[in-house]
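*Asks:* Just dropping this structure here.
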Amino acid sequence: MLYQSLLKTLQERNKLSTSELKKVERVQKTSVAESLPQLLVKLGLCSELDVADAFVESGQFEKVVPEHYPIERQLPETVSLRFLKNYHLIGLSVSDEEVSIAMMDPEDSFTINALSLMLGKVIKVKVGLLSEIDAALDVQYGEDRSKMDKLIDDLAFDDLGEEDLEHLKDLASEAPVIKMVNLIMQSAVEMRASDIHIEPFEQSLKVRLRVDGVLQEIDAPNVKSTAAVISRIKIMAKLNIAERRLPQDGRIKVQMMGKELDLRVSTIPTMYGESLVIRLLDKENTVLDFVELGFAGRHLEKFIEVLSLPHGIILITGPTGSGKSTTMYAALKQLNTPQRKIITVEDPVEYQMEGINQIQAKPQIGLTFASALRSIVRQDPDVIMIGEMRDLETARIAVQSALTGHLVLSTLHTNDAAGGVTRLLDMGLEEYLLTSTVNGILAQRLVRKLCPVCKEEKLAEPELVKELRLDRFTNQSHIKLYKSVGCVACSGTGYRGRLAIIEFLPMTDPIRKLIMAHEEAGTIQKLAIAEGMQTLYENGLVKVVEGVTTLEEVMRVTTES
């Protein structure tokens, strides 16, 4: 059976569990466009290196290292770049009788046979990492790399010393370096990236963009320009370019491509220089509407109902990057009326909102969430928003605020809604205070939305419908699912934009009784489901049936097995 030896090797090396194998087999039924190795990587079950090493160990394949990818294109123009990108393959060398290629999936016989027929030659296959193949294709076929090279040609980096600050300042202010930084930022804006990661290594400088929650590597400046590029960004963010041993944070306001961008800059020292991350906050494209964010049906009704209560605590939970802050700002926008005074304590303040008093926490001078909250309650607010409930002291003041007639919104780092209850109890908050103040807990994740231009529909197999019980989410007799394809509009990813999948646990009397009895999160969740709560996974399946996202996206961000 195809891929049997690959899966066996991955399991023997403890890279793939039995439950994870079942998950990928289930997703594979709906994802005909992607091979099993691609799905293993896409779902985050195995790394690219794990898959490549397993192929080498289980078959007769040799692995290609990045240095062995040729800079010049090897295959004739009859082989399109789209074909190479779709199947993650690249030409290594060509002779009269044989073509040597590197592939992410060397057992893809259909693609190998198609290439052999196209070229009329024998194909010799080696294994490569998906990201390394795509990066090598960009070098062979792309233009961004040459743009970077042209900018670097006239700069003399060789004489640059670590302590030569004046030279470094001058270099960072030269036109080629400014253009390099602008080119990186322009690429980020064009690709709708939320973050830019600039990471120095011994032999290279890597630049990666986080687009719709997934990192993508783009062409980077020459490694010799590392110090100049980092210094240019630090100067823009008004950071100390002489300080390379300690982390620093700063902000940049910039106009680019007709947009006003607020950039948050963070640096940390690493082995080979400073690693830098820029968070892009595009005020114009920030959607603060619940329906647009992915809220719908009973979830939306219950959440709006709880939000309209005059006092109590509403918690939003999820890991970093799950959209908690955006949901919080959408809630504040809903509550922001002339009749209400709203005060927030945030670290950092991500979006400035008219009519809301926003406080930037500064722990280094003693302005923590807890100390700010003590002062806030004397400011006669109606609504208080706390960026994160980090400790017992903050939780206690939030509870006291709710008990004295304030509506309090805050976030927690837990995996699901029921887990928010146990997290507060673990902090040391008394259960009678929790049950008398918390009105509801919302958990959420972000999934990528299918590109509306290129998504393709297919009829769901009856076995899959039965296994996932998809018929409970629709009245249609024939359920259609959609797959990601990739086009110019979505930069070949098949996805464009993100939306939230959510579960909302309202605090009912039966749930309060379970909390008072110190029942575990699993028991609380079962009762909430019995009362009508949809889990994150089920809410994700609703979005799949509606044709908004794919099953593999829901699997990627939820823990359902």
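For the structure tokens, the naming scheme is as follows: chains receive sequential letters (A, B, ...) according to their order of presentation, residues are indexed from 1 within each chain, and ligands are indexed from 1 in presentation order.
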Need to verify the contact set: segment 9-16 of chain A, 6 Å, only C-alpha atoms, exclusion of same-chain residues closer than 2 positions in sequence. Can you return it as a ChimeraX atom specification?
*Replies:* /A:6-7,54
*Asks:* According to DSSP computed on the backbone, where in segment 195-361 of chain A is there helix (DSSP H, G or I)? Give the residues as an NGL selection string.
*Replies:* :A and (223-236 or 290-293 or 297-307 or 324-335)
*Asks:* Pick from A:Thr394, A:Thr18, A:Gln358, A:Asn439: nearest to Glu305 of chain A, with only C-alpha atoms counted?
*Replies:*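 Result for the nearest residue to Glu305 of chain A: A:Asn439.
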*Asks:* Skipping near chain neighbours, those fewer than 5 positions away, what residues fall within 12 Å of Ile313 of chain A using only C-alpha atoms, listed as a PDB file with all heavy atoms, in the first residue's frame?
*Replies:*
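Output saved as around.pdb:
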ATOM      1  N   VAL A 306     -25.530  38.112  27.117  1.00  0.00           N
ATOM      2  CA  VAL A 306     -24.653  38.234  28.293  1.00  0.00           C
ATOM      3  C   VAL A 306     -23.936  39.587  28.291  1.00  0.00           C
ATOM      4  O   VAL A 306     -23.744  40.199  29.346  1.00  0.00           O
ATOM      5  CB  VAL A 306     -23.624  37.071  28.315  1.00  0.00           C
ATOM      6  CG1 VAL A 306     -22.550  37.303  29.366  1.00  0.00           C
ATOM      7  CG2 VAL A 306     -24.332  35.757  28.587  1.00  0.00           C
ATOM      8  N   LEU A 307     -23.572  40.068  27.112  1.00  0.00           N
ATOM      9  CA  LEU A 307     -22.884  41.348  26.986  1.00  0.00           C
ATOM     10  C   LEU A 307     -23.775  42.520  27.414  1.00  0.00           C
ATOM     11  O   LEU A 307     -23.277  43.556  27.861  1.00  0.00           O
ATOM     12  CB  LEU A 307     -22.444  41.537  25.524  1.00  0.00           C
ATOM     13  CG  LEU A 307     -21.304  42.514  25.217  1.00  0.00           C
ATOM     14  CD1 LEU A 307     -20.035  42.117  25.953  1.00  0.00           C
ATOM     15  CD2 LEU A 307     -21.040  42.563  23.717  1.00  0.00           C
ATOM     16  N   SER A 308     -25.079  42.328  27.290  1.00  0.00           N
ATOM     17  CA  SER A 308     -26.010  43.406  27.643  1.00  0.00           C
ATOM     18  C   SER A 308     -26.348  43.447  29.134  1.00  0.00           C
ATOM     19  O   SER A 308     -27.047  44.355  29.585  1.00  0.00           O
ATOM     20  CB  SER A 308     -27.306  43.260  26.824  1.00  0.00           C
ATOM     21  OG  SER A 308     -27.943  42.025  27.141  1.00  0.00           O
ATOM     22  N   VAL A 383     -17.930  50.055  32.459  1.00  0.00           N
ATOM     23  CA  VAL A 383     -17.326  48.849  31.878  1.00  0.00           C
ATOM     24  C   VAL A 383     -15.810  48.913  32.067  1.00  0.00           C
ATOM     25  O   VAL A 383     -15.195  49.963  31.840  1.00  0.00           O
ATOM     26  CB  VAL A 383     -17.656  48.727  30.369  1.00  0.00           C
ATOM     27  CG1 VAL A 383     -17.009  47.483  29.776  1.00  0.00           C
ATOM     28  CG2 VAL A 383     -19.165  48.709  30.147  1.00  0.00           C
ATOM     29  N   ILE A 384     -15.238  47.788  32.494  1.00  0.00           N
ATOM     30  CA  ILE A 384     -13.780  47.691  32.664  1.00  0.00           C
ATOM     31  C   ILE A 384     -13.281  46.545  31.794  1.00  0.00           C
ATOM     32  O   ILE A 384     -13.836  45.447  31.826  1.00  0.00           O
ATOM     33  CB  ILE A 384     -13.392  47.422  34.135  1.00  0.00           C
ATOM     34  CG1 ILE A 384     -13.868  48.568  35.042  1.00  0.00           C
ATOM     35  CG2 ILE A 384     -11.885  47.214  34.276  1.00  0.00           C
ATOM     36  CD1 ILE A 384     -13.741  48.263  36.528  1.00  0.00           C
ATOM     37  N   MET A 385     -12.231  46.809  31.019  1.00  0.00           N
ATOM     38  CA  MET A 385     -11.615  45.731  30.238  1.00  0.00           C
ATOM     39  C   MET A 385     -10.186  45.524  30.722  1.00  0.00           C
ATOM     40  O   MET A 385      -9.405  46.465  30.788  1.00  0.00           O
ATOM     41  CB  MET A 385     -11.621  46.073  28.744  1.00  0.00           C
ATOM     42  CG  MET A 385     -11.211  44.897  27.856  1.00  0.00           C
ATOM     43  SD  MET A 385      -9.450  44.791  27.548  1.00  0.00           S
ATOM     44  CE  MET A 385      -9.340  45.524  25.933  1.00  0.00           C
ATOM     45  N   ILE A 386      -9.865  44.281  31.104  1.00  0.00           N
ATOM     46  CA  ILE A 386      -8.523  43.927  31.550  1.00  0.00           C
ATOM     47  C   ILE A 386      -7.893  43.073  30.457  1.00  0.00           C
ATOM     48  O   ILE A 386      -8.455  42.035  30.083  1.00  0.00           O
ATOM     49  CB  ILE A 386      -8.567  43.118  32.871  1.00  0.00           C
ATOM     50  CG1 ILE A 386      -9.436  43.835  33.904  1.00  0.00           C
ATOM     51  CG2 ILE A 386      -7.162  42.874  33.404  1.00  0.00           C
ATOM     52  CD1 ILE A 386      -9.839  42.962  35.074  1.00  0.00           C
ATOM     53  N   MET A 389      -6.162  38.262  32.548  1.00  0.00           N
ATOM     54  CA  MET A 389      -6.236  37.925  33.968  1.00  0.00           C
ATOM     55  C   MET A 389      -5.066  36.997  34.283  1.00  0.00           C
ATOM     56  O   MET A 389      -5.144  35.789  34.089  1.00  0.00           O
ATOM     57  CB  MET A 389      -7.579  37.256  34.284  1.00  0.00           C
ATOM     58  CG  MET A 389      -8.128  37.636  35.644  1.00  0.00           C
ATOM     59  SD  MET A 389      -9.804  37.072  35.908  1.00  0.00           S
ATOM     60  CE  MET A 389     -10.743  38.423  35.242  1.00  0.00           C
ATOM     61  N   ALA A 395      -7.484  38.886  39.469  1.00  0.00           N
ATOM     62  CA  ALA A 395      -8.783  38.189  39.468  1.00  0.00           C
ATOM     63  C   ALA A 395      -9.661  38.671  40.613  1.00  0.00           C
ATOM     64  O   ALA A 395     -10.874  38.879  40.440  1.00  0.00           O
ATOM     65  CB  ALA A 395      -8.570  36.685  39.549  1.00  0.00           C
ATOM     66  N   ARG A 396      -9.078  38.855  41.805  1.00  0.00           N
ATOM     67  CA  ARG A 396      -9.859  39.297  42.980  1.00  0.00           C
ATOM     68  C   ARG A 396     -10.428  40.701  42.776  1.00  0.00           C
ATOM     69  O   ARG A 396     -11.591  40.964  43.102  1.00  0.00           O
ATOM     70  CB  ARG A 396      -8.983  39.284  44.237  1.00  0.00           C
ATOM     71  CG  ARG A 396      -8.770  37.899  44.818  1.00  0.00           C
ATOM     72  CD  ARG A 396      -8.163  38.013  46.216  1.00  0.00           C
ATOM     73  NE  ARG A 396      -7.750  36.726  46.727  1.00  0.00           N
ATOM     74  CZ  ARG A 396      -8.568  35.795  47.189  1.00  0.00           C
ATOM     75  NH1 ARG A 396      -9.871  36.014  47.179  1.00  0.00           N
ATOM     76  NH2 ARG A 396      -8.117  34.652  47.642  1.00  0.00           N
ATOM     77  N   ILE A 397      -9.586  41.613  42.240  1.00  0.00           N
ATOM     78  CA  ILE A 397     -10.071  42.986  42.012  1.00  0.00           C
ATOM     79  C   ILE A 397     -11.165  42.987  40.944  1.00  0.00           C
ATOM     80  O   ILE A 397     -12.143  43.735  41.038  1.00  0.00           O
ATOM     81  CB  ILE A 397      -8.905  43.916  41.605  1.00  0.00           C
ATOM     82  CG1 ILE A 397      -7.854  43.966  42.725  1.00  0.00           C
ATOM     83  CG2 ILE A 397      -9.406  45.322  41.327  1.00  0.00           C
ATOM     84  CD1 ILE A 397      -6.567  44.668  42.341  1.00  0.00           C
ATOM     85  N   ALA A 398     -11.001  42.139  39.898  1.00  0.00           N
ATOM     86  CA  ALA A 398     -12.034  42.022  38.856  1.00  0.00           C
ATOM     87  C   ALA A 398     -13.351  41.537  39.458  1.00  0.00           C
ATOM     88  O   ALA A 398     -14.431  42.052  39.121  1.00  0.00           O
ATOM     89  CB  ALA A 398     -11.557  41.059  37.771  1.00  0.00           C
ATOM     90  N   VAL A 399     -13.263  40.547  40.357  1.00  0.00           N
ATOM     91  CA  VAL A 399     -14.462  40.011  41.026  1.00  0.00           C
ATOM     92  C   VAL A 399     -15.123  41.097  41.878  1.00  0.00           C
ATOM     93  O   VAL A 399     -16.346  41.272  41.843  1.00  0.00           O
ATOM     94  CB  VAL A 399     -14.093  38.775  41.877  1.00  0.00           C
ATOM     95  CG1 VAL A 399     -15.212  38.447  42.860  1.00  0.00           C
ATOM     96  CG2 VAL A 399     -13.824  37.573  40.985  1.00  0.00           C
ATOM     97  N   GLN A 400     -14.299  41.838  42.645  1.00  0.00           N
ATOM     98  CA  GLN A 400     -14.850  42.913  43.480  1.00  0.00           C
ATOM     99  C   GLN A 400     -15.530  43.976  42.620  1.00  0.00           C
ATOM    100  O   GLN A 400     -16.588  44.508  42.980  1.00  0.00           O
ATOM    101  CB  GLN A 400     -13.735  43.557  44.325  1.00  0.00           C
ATOM    102  CG  GLN A 400     -13.185  42.670  45.430  1.00  0.00           C
ATOM    103  CD  GLN A 400     -14.270  42.216  46.404  1.00  0.00           C
ATOM    104  OE1 GLN A 400     -15.156  42.990  46.784  1.00  0.00           O
ATOM    105  NE2 GLN A 400     -14.228  40.947  46.790  1.00  0.00           N
ATOM    106  N   SER A 401     -14.928  44.261  41.459  1.00  0.00           N
ATOM    107  CA  SER A 401     -15.519  45.253  40.536  1.00  0.00           C
ATOM    108  C   SER A 401     -16.868  44.767  40.023  1.00  0.00           C
ATOM    109  O   SER A 401     -17.826  45.540  39.912  1.00  0.00           O
ATOM    110  CB  SER A 401     -14.577  45.496  39.353  1.00  0.00           C
ATOM    111  OG  SER A 401     -13.331  45.955  39.791  1.00  0.00           O
ATOM    112  N   ALA A 402     -16.938  43.473  39.692  1.00  0.00           N
ATOM    113  CA  ALA A 402     -18.206  42.900  39.200  1.00  0.00           C
ATOM    114  C   ALA A 402     -19.265  42.901  40.287  1.00  0.00           C
ATOM    115  O   ALA A 402     -20.446  43.168  40.011  1.00  0.00           O
ATOM    116  CB  ALA A 402     -17.959  41.479  38.696  1.00  0.00           C
ATOM    117  N   LEU A 403     -18.849  42.615  41.522  1.00  0.00           N
ATOM    118  CA  LEU A 403     -19.799  42.584  42.651  1.00  0.00           C
ATOM    119  C   LEU A 403     -20.345  43.979  42.974  1.00  0.00           C
ATOM    120  O   LEU A 403     -21.447  44.106  43.521  1.00  0.00           O
ATOM    121  CB  LEU A 403     -19.127  41.997  43.895  1.00  0.00           C
ATOM    122  CG  LEU A 403     -18.857  40.483  43.873  1.00  0.00           C
ATOM    123  CD1 LEU A 403     -18.001  40.079  45.055  1.00  0.00           C
ATOM    124  CD2 LEU A 403     -20.166  39.687  43.862  1.00  0.00           C
ATOM    125  N   THR A 404     -19.559  45.015  42.644  1.00  0.00           N
ATOM    126  CA  THR A 404     -20.003  46.383  42.942  1.00  0.00           C
ATOM    127  C   THR A 404     -20.664  47.059  41.742  1.00  0.00           C
ATOM    128  O   THR A 404     -20.705  48.291  41.660  1.00  0.00           O
ATOM    129  CB  THR A 404     -18.817  47.239  43.443  1.00  0.00           C
ATOM    130  OG1 THR A 404     -17.731  47.123  42.508  1.00  0.00           O
ATOM    131  CG2 THR A 404     -18.345  46.780  44.812  1.00  0.00           C
ATOM    132  N   GLY A 405     -21.129  46.236  40.779  1.00  0.00           N
ATOM    133  CA  GLY A 405     -21.972  46.775  39.718  1.00  0.00           C
ATOM    134  C   GLY A 405     -21.295  47.127  38.417  1.00  0.00           C
ATOM    135  O   GLY A 405     -21.855  47.853  37.594  1.00  0.00           O
ATOM    136  N   HIS A 406     -20.056  46.636  38.197  1.00  0.00           N
ATOM    137  CA  HIS A 406     -19.361  46.917  36.934  1.00  0.00           C
ATOM    138  C   HIS A 406     -19.408  45.695  36.014  1.00  0.00           C
ATOM    139  O   HIS A 406     -19.447  44.565  36.485  1.00  0.00           O
ATOM    140  CB  HIS A 406     -17.893  47.264  37.190  1.00  0.00           C
ATOM    141  CG  HIS A 406     -17.702  48.438  38.102  1.00  0.00           C
ATOM    142  ND1 HIS A 406     -17.563  48.304  39.474  1.00  0.00           N
ATOM    143  CD2 HIS A 406     -17.657  49.771  37.842  1.00  0.00           C
ATOM    144  CE1 HIS A 406     -17.414  49.496  40.012  1.00  0.00           C
ATOM    145  NE2 HIS A 406     -17.474  50.406  39.046  1.00  0.00           N
ATOM    146  N   LEU A 407     -19.380  45.952  34.701  1.00  0.00           N
ATOM    147  CA  LEU A 407     -19.232  44.868  33.721  1.00  0.00           C
ATOM    148  C   LEU A 407     -17.747  44.750  33.401  1.00  0.00           C
ATOM    149  O   LEU A 407     -17.109  45.729  33.015  1.00  0.00           O
ATOM    150  CB  LEU A 407     -20.024  45.177  32.444  1.00  0.00           C
ATOM    151  CG  LEU A 407     -19.991  44.097  31.350  1.00  0.00           C
ATOM    152  CD1 LEU A 407     -20.636  42.805  31.827  1.00  0.00           C
ATOM    153  CD2 LEU A 407     -20.691  44.589  30.078  1.00  0.00           C
ATOM    154  N   VAL A 408     -17.182  43.573  33.608  1.00  0.00           N
ATOM    155  CA  VAL A 408     -15.747  43.364  33.424  1.00  0.00           C
ATOM    156  C   VAL A 408     -15.506  42.373  32.276  1.00  0.00           C
ATOM    157  O   VAL A 408     -16.096  41.283  32.264  1.00  0.00           O
ATOM    158  CB  VAL A 408     -15.089  42.824  34.718  1.00  0.00           C
ATOM    159  CG1 VAL A 408     -13.584  42.619  34.512  1.00  0.00           C
ATOM    160  CG2 VAL A 408     -15.344  43.776  35.889  1.00  0.00           C
ATOM    161  N   LEU A 409     -14.648  42.759  31.335  1.00  0.00           N
ATOM    162  CA  LEU A 409     -14.252  41.858  30.251  1.00  0.00           C
ATOM    163  C   LEU A 409     -12.765  41.559  30.404  1.00  0.00           C
ATOM    164  O   LEU A 409     -11.974  42.463  30.682  1.00  0.00           O
ATOM    165  CB  LEU A 409     -14.485  42.500  28.878  1.00  0.00           C
ATOM    166  CG  LEU A 409     -15.918  42.567  28.348  1.00  0.00           C
ATOM    167  CD1 LEU A 409     -16.701  43.655  29.037  1.00  0.00           C
ATOM    168  CD2 LEU A 409     -15.913  42.830  26.852  1.00  0.00           C
ATOM    169  N   SER A 410     -12.378  40.293  30.196  1.00  0.00           N
ATOM    170  CA  SER A 410     -10.971  39.939  30.281  1.00  0.00           C
ATOM    171  C   SER A 410     -10.688  38.673  29.481  1.00  0.00           C
ATOM    172  O   SER A 410     -11.608  38.016  28.986  1.00  0.00           O
ATOM    173  CB  SER A 410     -10.551  39.743  31.737  1.00  0.00           C
ATOM    174  OG  SER A 410      -9.141  39.606  31.820  1.00  0.00           O
ATOM    175  N   THR A 411      -9.386  38.331  29.349  1.00  0.00           N
ATOM    176  CA  THR A 411      -8.981  37.121  28.613  1.00  0.00           C
ATOM    177  C   THR A 411      -8.219  36.171  29.527  1.00  0.00           C
ATOM    178  O   THR A 411      -7.649  36.575  30.540  1.00  0.00           O
ATOM    179  CB  THR A 411      -8.084  37.469  27.407  1.00  0.00           C
ATOM    180  OG1 THR A 411      -6.831  37.969  27.885  1.00  0.00           O
ATOM    181  CG2 THR A 411      -8.737  38.480  26.509  1.00  0.00           C
ATOM    182  N   LEU A 433     -17.292  33.025  44.768  1.00  0.00           N
ATOM    183  CA  LEU A 433     -17.088  34.314  44.089  1.00  0.00           C
ATOM    184  C   LEU A 433     -17.170  34.140  42.577  1.00  0.00           C
ATOM    185  O   LEU A 433     -17.726  34.974  41.867  1.00  0.00           O
ATOM    186  CB  LEU A 433     -15.724  34.905  44.465  1.00  0.00           C
ATOM    187  CG  LEU A 433     -15.572  35.448  45.884  1.00  0.00           C
ATOM    188  CD1 LEU A 433     -14.141  35.872  46.145  1.00  0.00           C
ATOM    189  CD2 LEU A 433     -16.530  36.607  46.124  1.00  0.00           C
ATOM    190  N   LEU A 434     -16.605  33.038  42.101  1.00  0.00           N
ATOM    191  CA  LEU A 434     -16.610  32.759  40.663  1.00  0.00           C
ATOM    192  C   LEU A 434     -18.041  32.599  40.146  1.00  0.00           C
ATOM    193  O   LEU A 434     -18.430  33.211  39.149  1.00  0.00           O
ATOM    194  CB  LEU A 434     -15.797  31.488  40.400  1.00  0.00           C
ATOM    195  CG  LEU A 434     -15.382  31.155  38.961  1.00  0.00           C
ATOM    196  CD1 LEU A 434     -14.157  30.253  38.967  1.00  0.00           C
ATOM    197  CD2 LEU A 434     -16.489  30.477  38.193  1.00  0.00           C
ATOM    198  N   THR A 435     -18.839  31.778  40.849  1.00  0.00           N
ATOM    199  CA  THR A 435     -20.207  31.504  40.379  1.00  0.00           C
ATOM    200  C   THR A 435     -21.118  32.726  40.480  1.00  0.00           C
ATOM    201  O   THR A 435     -22.076  32.848  39.720  1.00  0.00           O
ATOM    202  CB  THR A 435     -20.832  30.349  41.186  1.00  0.00           C
ATOM    203  OG1 THR A 435     -20.736  30.645  42.578  1.00  0.00           O
ATOM    204  CG2 THR A 435     -20.127  29.032  40.904  1.00  0.00           C
ATOM    205  N   SER A 436     -20.804  33.643  41.393  1.00  0.00           N
ATOM    206  CA  SER A 436     -21.682  34.810  41.568  1.00  0.00           C
ATOM    207  C   SER A 436     -21.304  35.978  40.655  1.00  0.00           C
ATOM    208  O   SER A 436     -22.046  36.946  40.556  1.00  0.00           O
ATOM    209  CB  SER A 436     -21.673  35.277  43.025  1.00  0.00           C
ATOM    210  OG  SER A 436     -20.353  35.577  43.435  1.00  0.00           O
ATOM    211  N   THR A 437     -20.138  35.885  39.984  1.00  0.00           N
ATOM    212  CA  THR A 437     -19.718  37.018  39.138  1.00  0.00           C
ATOM    213  C   THR A 437     -19.565  36.674  37.657  1.00  0.00           C
ATOM    214  O   THR A 437     -19.856  37.502  36.799  1.00  0.00           O
ATOM    215  CB  THR A 437     -18.371  37.593  39.638  1.00  0.00           C
ATOM    216  OG1 THR A 437     -17.406  36.546  39.709  1.00  0.00           O
ATOM    217  CG2 THR A 437     -18.521  38.240  41.004  1.00  0.00           C
ATOM    218  N   VAL A 438     -19.072  35.478  37.323  1.00  0.00           N
ATOM    219  CA  VAL A 438     -18.841  35.132  35.911  1.00  0.00           C
ATOM    220  C   VAL A 438     -20.170  34.860  35.205  1.00  0.00           C
ATOM    221  O   VAL A 438     -20.943  33.995  35.628  1.00  0.00           O
ATOM    222  CB  VAL A 438     -17.902  33.908  35.780  1.00  0.00           C
ATOM    223  CG1 VAL A 438     -17.769  33.495  34.316  1.00  0.00           C
ATOM    224  CG2 VAL A 438     -16.520  34.224  36.354  1.00  0.00           C
ATOM    225  N   ASN A 439     -20.443  35.601  34.143  1.00  0.00           N
ATOM    226  CA  ASN A 439     -21.686  35.436  33.376  1.00  0.00           C
ATOM    227  C   ASN A 439     -21.542  34.466  32.209  1.00  0.00           C
ATOM    228  O   ASN A 439     -22.514  33.827  31.800  1.00  0.00           O
ATOM    229  CB  ASN A 439     -22.162  36.784  32.826  1.00  0.00           C
ATOM    230  CG  ASN A 439     -22.583  37.738  33.937  1.00  0.00           C
ATOM    231  OD1 ASN A 439     -22.931  37.298  35.032  1.00  0.00           O
ATOM    232  ND2 ASN A 439     -22.544  39.035  33.662  1.00  0.00           N
ATOM    233  N   GLY A 440     -20.340  34.391  31.658  1.00  0.00           N
ATOM    234  CA  GLY A 440     -20.137  33.503  30.516  1.00  0.00           C
ATOM    235  C   GLY A 440     -18.674  33.437  30.128  1.00  0.00           C
ATOM    236  O   GLY A 440     -17.907  34.365  30.395  1.00  0.00           O
ATOM    237  N   ILE A 441     -18.293  32.315  29.509  1.00  0.00           N
ATOM    238  CA  ILE A 441     -16.913  32.131  29.050  1.00  0.00           C
ATOM    239  C   ILE A 441     -16.943  31.733  27.574  1.00  0.00           C
ATOM    240  O   ILE A 441     -17.607  30.772  27.194  1.00  0.00           O
ATOM    241  CB  ILE A 441     -16.181  31.040  29.865  1.00  0.00           C
ATOM    242  CG1 ILE A 441     -16.226  31.377  31.368  1.00  0.00           C
ATOM    243  CG2 ILE A 441     -14.735  30.896  29.403  1.00  0.00           C
ATOM    244  CD1 ILE A 441     -15.633  30.305  32.256  1.00  0.00           C
ATOM    245  N   LEU A 442     -16.209  32.491  26.767  1.00  0.00           N
ATOM    246  CA  LEU A 442     -16.133  32.241  25.327  1.00  0.00           C
ATOM    247  C   LEU A 442     -14.754  31.684  24.992  1.00  0.00           C
ATOM    248  O   LEU A 442     -13.743  32.226  25.422  1.00  0.00           O
ATOM    249  CB  LEU A 442     -16.353  33.552  24.565  1.00  0.00           C
ATOM    250  CG  LEU A 442     -16.228  33.483  23.046  1.00  0.00           C
ATOM    251  CD1 LEU A 442     -17.561  33.092  22.430  1.00  0.00           C
ATOM    252  CD2 LEU A 442     -15.780  34.811  22.472  1.00  0.00           C
ATOM    253  N   PRO A 506     -22.515  29.783  28.775  1.00  0.00           N
ATOM    254  CA  PRO A 506     -23.178  30.720  29.683  1.00  0.00           C
ATOM    255  C   PRO A 506     -23.259  30.097  31.080  1.00  0.00           C
ATOM    256  O   PRO A 506     -23.396  28.879  31.215  1.00  0.00           O
ATOM    257  CB  PRO A 506     -24.577  30.891  29.071  1.00  0.00           C
ATOM    258  CG  PRO A 506     -24.753  29.754  28.130  1.00  0.00           C
ATOM    259  CD  PRO A 506     -23.430  29.123  27.863  1.00  0.00           C
ATOM    260  N   MET A 507     -23.169  30.898  32.116  1.00  0.00           N
ATOM    261  CA  MET A 507     -23.167  30.392  33.486  1.00  0.00           C
ATOM    262  C   MET A 507     -24.610  30.164  33.951  1.00  0.00           C
ATOM    263  O   MET A 507     -25.293  31.079  34.409  1.00  0.00           O
ATOM    264  CB  MET A 507     -22.449  31.387  34.401  1.00  0.00           C
ATOM    265  CG  MET A 507     -22.038  30.826  35.744  1.00  0.00           C
ATOM    266  SD  MET A 507     -20.886  29.442  35.651  1.00  0.00           S
ATOM    267  CE  MET A 507     -19.445  30.236  34.993  1.00  0.00           C
TER     268      MET A 507
END
*Asks:* Counting only C-alpha atoms, what is within 12 Å of Glu77 of chain A, bar same-chain residues fewer than 3 positions away, as a list in words?
*Replies:*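 Contacts, with the query itself left out: Arg73, Gln74, Ser80, Leu81, Arg82, Phe83, Leu84, Gly91, Met118, Leu119 and Tyr141 of chain A.
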*Asks:* Those selected residues, please, written with C-alpha atoms and delivered as an mmCIF file, in the first residue's frame.
*Replies:*
data_model
loop_
_atom_site.group_PDB
_atom_site.id
_atom_site.type_symbol
_atom_site.label_atom_id
_atom_site.label_comp_id
_atom_site.auth_asym_id
_atom_site.auth_seq_id
_atom_site.Cartn_x
_atom_site.Cartn_y
_atom_site.Cartn_z
ATOM 1 C CA ARG A 73 16.590 26.757 -13.743
ATOM 2 C CA GLN A 74 17.233 23.245 -15.069
ATOM 3 C CA SER A 80 5.362 25.592 -15.911
ATOM 4 C CA LEU A 81 6.232 27.170 -12.569
ATOM 5 C CA ARG A 82 2.641 26.564 -11.440
ATOM 6 C CA PHE A 83 3.103 22.804 -11.998
ATOM 7 C CA LEU A 84 6.358 22.847 -10.006
ATOM 8 C CA GLY A 91 14.907 20.260 -11.332
ATOM 9 C CA MET A 118 6.374 15.601 -20.876
ATOM 10 C CA LEU A 119 10.185 15.456 -21.162
ATOM 11 C CA TYR A 141 12.130 31.766 -11.230
#
*Asks:* Might you pull out every residue within 10 Å of Ala331 of chain A, with only C-alpha atoms counted and same-chain residues fewer than 6 positions away left off, and present them as a ChimeraX atom specification?
*Replies:* /A:288-290,303-304,307,325,409
*Asks:* Keeping N, CA and C atoms for every residue in the selection just given, could you write it to a file as a tab-separated table (two decimals), in the first residue's frame?
*Replies:*
chain	number	residue	atom	x	y	z
A	288	LEU	N	-14.48	44.93	13.23
A	288	LEU	CA	-14.97	44.77	14.60
A	288	LEU	C	-16.48	44.51	14.58
A	289	ASP	N	-16.88	43.57	13.75
A	289	ASP	CA	-18.29	43.18	13.63
A	289	ASP	C	-18.41	41.70	13.91
A	290	PHE	N	-19.27	41.31	14.84
A	290	PHE	CA	-19.36	39.92	15.28
A	290	PHE	C	-19.67	38.95	14.14
A	303	PHE	N	-24.21	35.39	23.39
A	303	PHE	CA	-23.11	36.28	23.74
A	303	PHE	C	-23.59	37.72	23.85
A	304	ILE	N	-24.43	38.18	22.91
A	304	ILE	CA	-24.98	39.55	22.96
A	304	ILE	C	-25.85	39.70	24.20
A	307	LEU	N	-23.57	40.07	27.11
A	307	LEU	CA	-22.88	41.35	26.99
A	307	LEU	C	-23.78	42.52	27.41
A	325	SER	N	-8.16	39.39	21.31
A	325	SER	CA	-8.16	40.86	21.40
A	325	SER	C	-9.17	41.47	20.44
A	409	LEU	N	-14.65	42.76	31.33
A	409	LEU	CA	-14.25	41.86	30.25
A	409	LEU	C	-12.76	41.56	30.40
